[in-house]
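Structure file query.pdb (PDB, C-alpha atoms) is printed below.
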ATOM      1  CA  MET A 251      -5.496 -13.518  -3.140  1.00  0.00           C
ATOM      2  CA  ASP A 252      -2.737 -11.061  -4.038  1.00  0.00           C
ATOM      3  CA  ILE A 253      -3.598  -7.575  -2.801  1.00  0.00           C
ATOM      4  CA  GLY A 254      -1.663  -4.552  -4.004  1.00  0.00           C
ATOM      5  CA  TYR A 255      -1.050  -1.207  -2.334  1.00  0.00           C
ATOM      6  CA  ALA A 256       0.125   1.809  -4.337  1.00  0.00           C
ATOM      7  CA  ARG A 257       0.888   5.262  -2.942  1.00  0.00           C
ATOM      8  CA  THR A 258       2.509   8.489  -3.974  1.00  0.00           C
ATOM      9  CA  SER A 259       2.912  11.561  -1.789  1.00  0.00           C
ATOM     10  CA  THR A 260       1.213  13.961  -4.198  1.00  0.00           C
ATOM     11  CA  ILE A 261      -1.083  13.884  -7.202  1.00  0.00           C
ATOM     12  CA  GLU A 262       1.738  15.497  -9.202  1.00  0.00           C
ATOM     13  CA  GLN A 263       3.631  12.193  -9.074  1.00  0.00           C
ATOM     14  CA  GLN A 264       1.310  10.626 -11.645  1.00  0.00           C
ATOM     15  CA  ALA A 265       4.035   8.839 -13.638  1.00  0.00           C
ATOM     16  CA  GLY A 266       5.296   7.057 -10.514  1.00  0.00           C
ATOM     17  CA  PHE A 267       1.747   6.209  -9.479  1.00  0.00           C
ATOM     18  CA  ASP A 268       0.939   4.800 -12.924  1.00  0.00           C
ATOM     19  CA  ALA A 269       4.148   2.753 -12.843  1.00  0.00           C
ATOM     20  CA  GLN A 270       3.194   1.231  -9.480  1.00  0.00           C
ATOM     21  CA  LEU A 271      -0.272   0.350 -10.756  1.00  0.00           C
ATOM     22  CA  ARG A 272       1.208  -1.218 -13.891  1.00  0.00           C
ATOM     23  CA  ASP A 273       3.681  -3.260 -11.836  1.00  0.00           C
ATOM     24  CA  LEU A 274       1.002  -4.432  -9.405  1.00  0.00           C
ATOM     25  CA  GLU A 275      -1.220  -5.483 -12.287  1.00  0.00           C
ATOM     26  CA  GLY A 276       1.759  -7.254 -13.847  1.00  0.00           C
ATOM     27  CA  ALA A 277       2.350  -9.071 -10.564  1.00  0.00           C
ATOM     28  CA  GLY A 278      -1.168 -10.469 -10.822  1.00  0.00           C
ATOM     29  CA  CYS A 279      -2.815  -8.543  -7.986  1.00  0.00           C
ATOM     30  CA  ASP A 280      -6.503  -9.371  -7.708  1.00  0.00           C
ATOM     31  CA  LYS A 281      -7.336  -6.113  -5.904  1.00  0.00           C
ATOM     32  CA  VAL A 282      -5.345  -2.893  -5.568  1.00  0.00           C
ATOM     33  CA  PHE A 283      -5.764  -0.218  -2.911  1.00  0.00           C
ATOM     34  CA  LYS A 284      -4.390   3.123  -4.044  1.00  0.00           C
ATOM     35  CA  GLU A 285      -3.943   6.622  -2.688  1.00  0.00           C
ATOM     36  CA  GLN A 286      -2.025   9.798  -3.365  1.00  0.00           C
ATOM     37  CA  VAL A 287      -1.318  11.301   0.039  1.00  0.00           C
ATOM     38  CA  SER A 288       1.772  12.120   2.039  1.00  0.00           C
ATOM     39  CA  SER A 289       3.051   9.324   4.245  1.00  0.00           C
ATOM     40  CA  MET A 290       2.660  11.759   7.138  1.00  0.00           C
ATOM     41  CA  ALA A 291      -1.070  12.186   6.448  1.00  0.00           C
ATOM     42  CA  GLN A 292      -3.860   9.795   7.387  1.00  0.00           C
ATOM     43  CA  ARG A 293      -3.576   6.895   4.934  1.00  0.00           C
ATOM     44  CA  ASP A 294      -7.159   5.682   4.665  1.00  0.00           C
ATOM     45  CA  GLN A 295      -6.460   3.144   1.930  1.00  0.00           C
ATOM     46  CA  LEU A 296      -3.625   1.597   3.928  1.00  0.00           C
ATOM     47  CA  GLU A 297      -6.027   1.181   6.834  1.00  0.00           C
ATOM     48  CA  ALA A 298      -8.570  -0.289   4.414  1.00  0.00           C
ATOM     49  CA  VAL A 299      -6.103  -2.846   3.064  1.00  0.00           C
ATOM     50  CA  LEU A 300      -5.082  -3.854   6.589  1.00  0.00           C
ATOM     51  CA  GLU A 301      -8.746  -4.437   7.454  1.00  0.00           C
ATOM     52  CA  PHE A 302      -9.457  -6.251   4.171  1.00  0.00           C
ATOM     53  CA  ILE A 303      -6.506  -8.652   4.032  1.00  0.00           C
ATOM     54  CA  ARG A 304      -6.975 -12.210   5.274  1.00  0.00           C
ATOM     55  CA  THR A 305      -4.550 -14.871   6.520  1.00  0.00           C
ATOM     56  CA  SER A 306      -4.078 -16.579   3.144  1.00  0.00           C
ATOM     57  CA  ASP A 307      -3.634 -13.296   1.216  1.00  0.00           C
ATOM     58  CA  THR A 308      -0.364 -11.720   0.106  1.00  0.00           C
ATOM     59  CA  LEU A 309       0.253  -7.969   0.342  1.00  0.00           C
ATOM     60  CA  VAL A 310       2.211  -6.700  -2.670  1.00  0.00           C
ATOM     61  CA  VAL A 311       3.989  -3.323  -2.943  1.00  0.00           C
ATOM     62  CA  THR A 312       6.479  -2.137  -5.526  1.00  0.00           C
ATOM     63  CA  LYS A 313       8.848  -0.636  -2.919  1.00  0.00           C
ATOM     64  CA  LEU A 314       8.798  -0.722   0.870  1.00  0.00           C
ATOM     65  CA  ASP A 315       8.919   3.078   1.110  1.00  0.00           C
ATOM     66  CA  ARG A 316       5.473   3.162  -0.518  1.00  0.00           C
ATOM     67  CA  LEU A 317       4.143   1.140   2.413  1.00  0.00           C
ATOM     68  CA  ALA A 318       6.030   2.309   5.498  1.00  0.00           C
ATOM     69  CA  ARG A 319       7.494   5.589   6.764  1.00  0.00           C
ATOM     70  CA  SER A 320      10.346   3.904   8.623  1.00  0.00           C
ATOM     71  CA  THR A 321      11.560   0.539   9.832  1.00  0.00           C
ATOM     72  CA  ALA A 322       9.567   1.018  13.032  1.00  0.00           C
ATOM     73  CA  ASP A 323       6.448   1.783  10.980  1.00  0.00           C
ATOM     74  CA  LEU A 324       7.066  -1.310   8.845  1.00  0.00           C
ATOM     75  CA  LEU A 325       7.319  -3.456  11.973  1.00  0.00           C
ATOM     76  CA  LYS A 326       4.067  -1.972  13.247  1.00  0.00           C
ATOM     77  CA  ILE A 327       2.338  -2.811   9.944  1.00  0.00           C
ATOM     78  CA  GLU A 328       3.789  -6.327  10.043  1.00  0.00           C
ATOM     79  CA  GLU A 329       2.421  -6.745  13.563  1.00  0.00           C
ATOM     80  CA  GLN A 330      -1.022  -5.656  12.382  1.00  0.00           C
ATOM     81  CA  LEU A 331      -0.844  -8.196   9.576  1.00  0.00           C
ATOM     82  CA  GLN A 332      -0.049 -10.965  12.043  1.00  0.00           C
TER      83      GLN A 332
END

Could I get this file's structure written as structure tokens?
Amino acid sequence: MDIGYARTSTIEQQAGFDAQLRDLEGAGCDKVFKEQVSSMAQRDQLEAVLEFIRTSDTLVVTKLDRLARSTADLLKIEEQLQ
């Protein structure tokens, strides 16, 4: 299953959010987790996707900065996925 994750920092970034959703749909994602919160805030939908995803699934994002705050954060997320 392809699982998408879309995030913008604010609700004012609707065009960017819509573009991510369109791209994730175009990529064939079966389920998309989405949120509009700052990367510094609690990201409940990111936690939800990390709990939901299974070994055979693929996590899809449009850009890595939508997923992780930094390289260290990305490595932490990758470790959780393992």

Residue nearest A:Asp280 among A:Thr321, A:Gln292, A:Thr308, A:Gln332 (counting only C-alpha atoms):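 So, comparing all the options, the nearest one is A:Thr308.
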
Step by step, work through what the PyMOL selection byres ((chain A and resi 317) around 10) selects in the shown file, and finish by giving those residues as a list in words.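 Written out, the selection comes to Tyr255, Ala256, Arg257, Thr258, Ser289, Arg293, Leu296, Val310, Val311, Thr312, Lys313, Leu314, Asp315, Arg316, Ala318, Arg319, Ser320, Asp323, Leu324 and Ile327 of chain A.
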
Pick out the closest residue to A:Met290 from this set: A:Ala269, A:Ser259, A:Leu331, A:Gln264. Count all atoms listed in the file.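 So, comparing all the options, the nearest one is A:Ser259.
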
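Between atom CA of A:Glu301 and atom CA of A:Phe267 lies a distance of 22.6 Å.
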
Can you measure atom CA of A:Phe302 to atom CA of A:Lys281 for me? One decimal in Å is fine.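 Atom CA of A:Lys281 lies at a distance of 10.3 Å from atom CA of A:Phe302.
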
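Going from atom CA of A:Gly278 to atom CA of A:Gln330 covers 23.7 Å.
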
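Closest to A:Glu275 among A:Val299, A:Glu262, A:Gly254, A:Ser288 is A:Gly254, based on all atoms listed in the file.
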
Starting from the incomplete input, reconstruct N, CA and C atoms of stretch 263-294 of chain A and report them as a short mmCIF file (atom, residue, chain, number, x, y, z; two decimals), in the frame of the given file.
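Result went into result_24.cif, see below:
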data_model
loop_
_atom_site.label_atom_id
_atom_site.label_comp_id
_atom_site.auth_asym_id
_atom_site.auth_seq_id
_atom_site.Cartn_x
_atom_site.Cartn_y
_atom_site.Cartn_z
N GLN A 263 2.75 13.33 -8.79
CA GLN A 263 3.63 12.19 -9.07
C GLN A 263 2.89 11.12 -9.87
N GLN A 264 2.16 11.54 -10.89
CA GLN A 264 1.31 10.63 -11.64
C GLN A 264 2.09 9.53 -12.36
N ALA A 265 3.25 9.85 -12.92
CA ALA A 265 4.04 8.84 -13.64
C ALA A 265 4.46 7.71 -12.69
N GLY A 266 4.91 8.07 -11.49
CA GLY A 266 5.30 7.06 -10.51
C GLY A 266 4.10 6.24 -10.04
N PHE A 267 2.97 6.89 -9.89
CA PHE A 267 1.75 6.21 -9.48
C PHE A 267 1.31 5.22 -10.56
N ASP A 268 1.30 5.67 -11.81
CA ASP A 268 0.94 4.80 -12.92
C ASP A 268 1.89 3.61 -13.03
N ALA A 269 3.17 3.84 -12.79
CA ALA A 269 4.15 2.75 -12.84
C ALA A 269 3.86 1.71 -11.76
N GLN A 270 3.53 2.17 -10.55
CA GLN A 270 3.19 1.23 -9.48
C GLN A 270 1.98 0.40 -9.85
N LEU A 271 0.95 1.07 -10.38
CA LEU A 271 -0.27 0.35 -10.76
C LEU A 271 0.02 -0.67 -11.85
N ARG A 272 0.83 -0.29 -12.82
CA ARG A 272 1.21 -1.22 -13.89
C ARG A 272 1.96 -2.43 -13.34
N ASP A 273 2.89 -2.17 -12.41
CA ASP A 273 3.68 -3.26 -11.84
C ASP A 273 2.82 -4.18 -10.97
N LEU A 274 1.88 -3.61 -10.24
CA LEU A 274 1.00 -4.43 -9.40
C LEU A 274 0.08 -5.28 -10.26
N GLU A 275 -0.40 -4.71 -11.35
CA GLU A 275 -1.22 -5.48 -12.29
C GLU A 275 -0.38 -6.60 -12.90
N GLY A 276 0.85 -6.27 -13.28
CA GLY A 276 1.76 -7.25 -13.85
C GLY A 276 2.10 -8.37 -12.88
N ALA A 277 2.07 -8.06 -11.60
CA ALA A 277 2.35 -9.07 -10.56
C ALA A 277 1.13 -9.96 -10.31
N GLY A 278 0.02 -9.63 -10.95
CA GLY A 278 -1.17 -10.47 -10.82
C GLY A 278 -2.06 -10.14 -9.64
N CYS A 279 -1.98 -8.92 -9.13
CA CYS A 279 -2.82 -8.54 -7.99
C CYS A 279 -4.30 -8.61 -8.36
N ASP A 280 -5.07 -9.23 -7.49
CA ASP A 280 -6.50 -9.37 -7.71
C ASP A 280 -7.25 -8.10 -7.33
N LYS A 281 -6.73 -7.36 -6.38
CA LYS A 281 -7.34 -6.11 -5.90
C LYS A 281 -6.20 -5.17 -5.54
N VAL A 282 -6.37 -3.89 -5.87
CA VAL A 282 -5.34 -2.89 -5.57
C VAL A 282 -5.97 -1.73 -4.81
N PHE A 283 -5.38 -1.40 -3.68
CA PHE A 283 -5.76 -0.22 -2.91
C PHE A 283 -4.78 0.87 -3.29
N LYS A 284 -5.28 2.07 -3.56
CA LYS A 284 -4.39 3.12 -4.04
C LYS A 284 -4.76 4.47 -3.44
N GLU A 285 -3.72 5.28 -3.20
CA GLU A 285 -3.94 6.62 -2.69
C GLU A 285 -2.76 7.52 -3.03
N GLN A 286 -3.05 8.80 -3.08
CA GLN A 286 -2.02 9.80 -3.36
C GLN A 286 -2.05 10.82 -2.24
N VAL A 287 -1.42 10.44 -1.14
CA VAL A 287 -1.32 11.30 0.04
C VAL A 287 0.07 11.16 0.64
N SER A 288 0.49 12.16 1.35
CA SER A 288 1.77 12.12 2.04
C SER A 288 1.78 10.97 3.05
N SER A 289 2.95 10.39 3.25
CA SER A 289 3.05 9.32 4.24
C SER A 289 2.80 9.85 5.65
N MET A 290 2.90 11.17 5.83
CA MET A 290 2.66 11.76 7.14
C MET A 290 1.17 12.02 7.38
N ALA A 291 0.37 11.96 6.33
CA ALA A 291 -1.07 12.19 6.45
C ALA A 291 -1.77 10.87 6.83
N GLN A 292 -3.05 10.98 7.14
CA GLN A 292 -3.86 9.80 7.39
C GLN A 292 -3.94 9.00 6.09
N ARG A 293 -3.57 7.74 6.13
CA ARG A 293 -3.58 6.90 4.93
C ARG A 293 -4.77 5.95 5.01
N ASP A 294 -5.91 6.43 4.56
CA ASP A 294 -7.16 5.68 4.66
C ASP A 294 -7.12 4.37 3.89
#
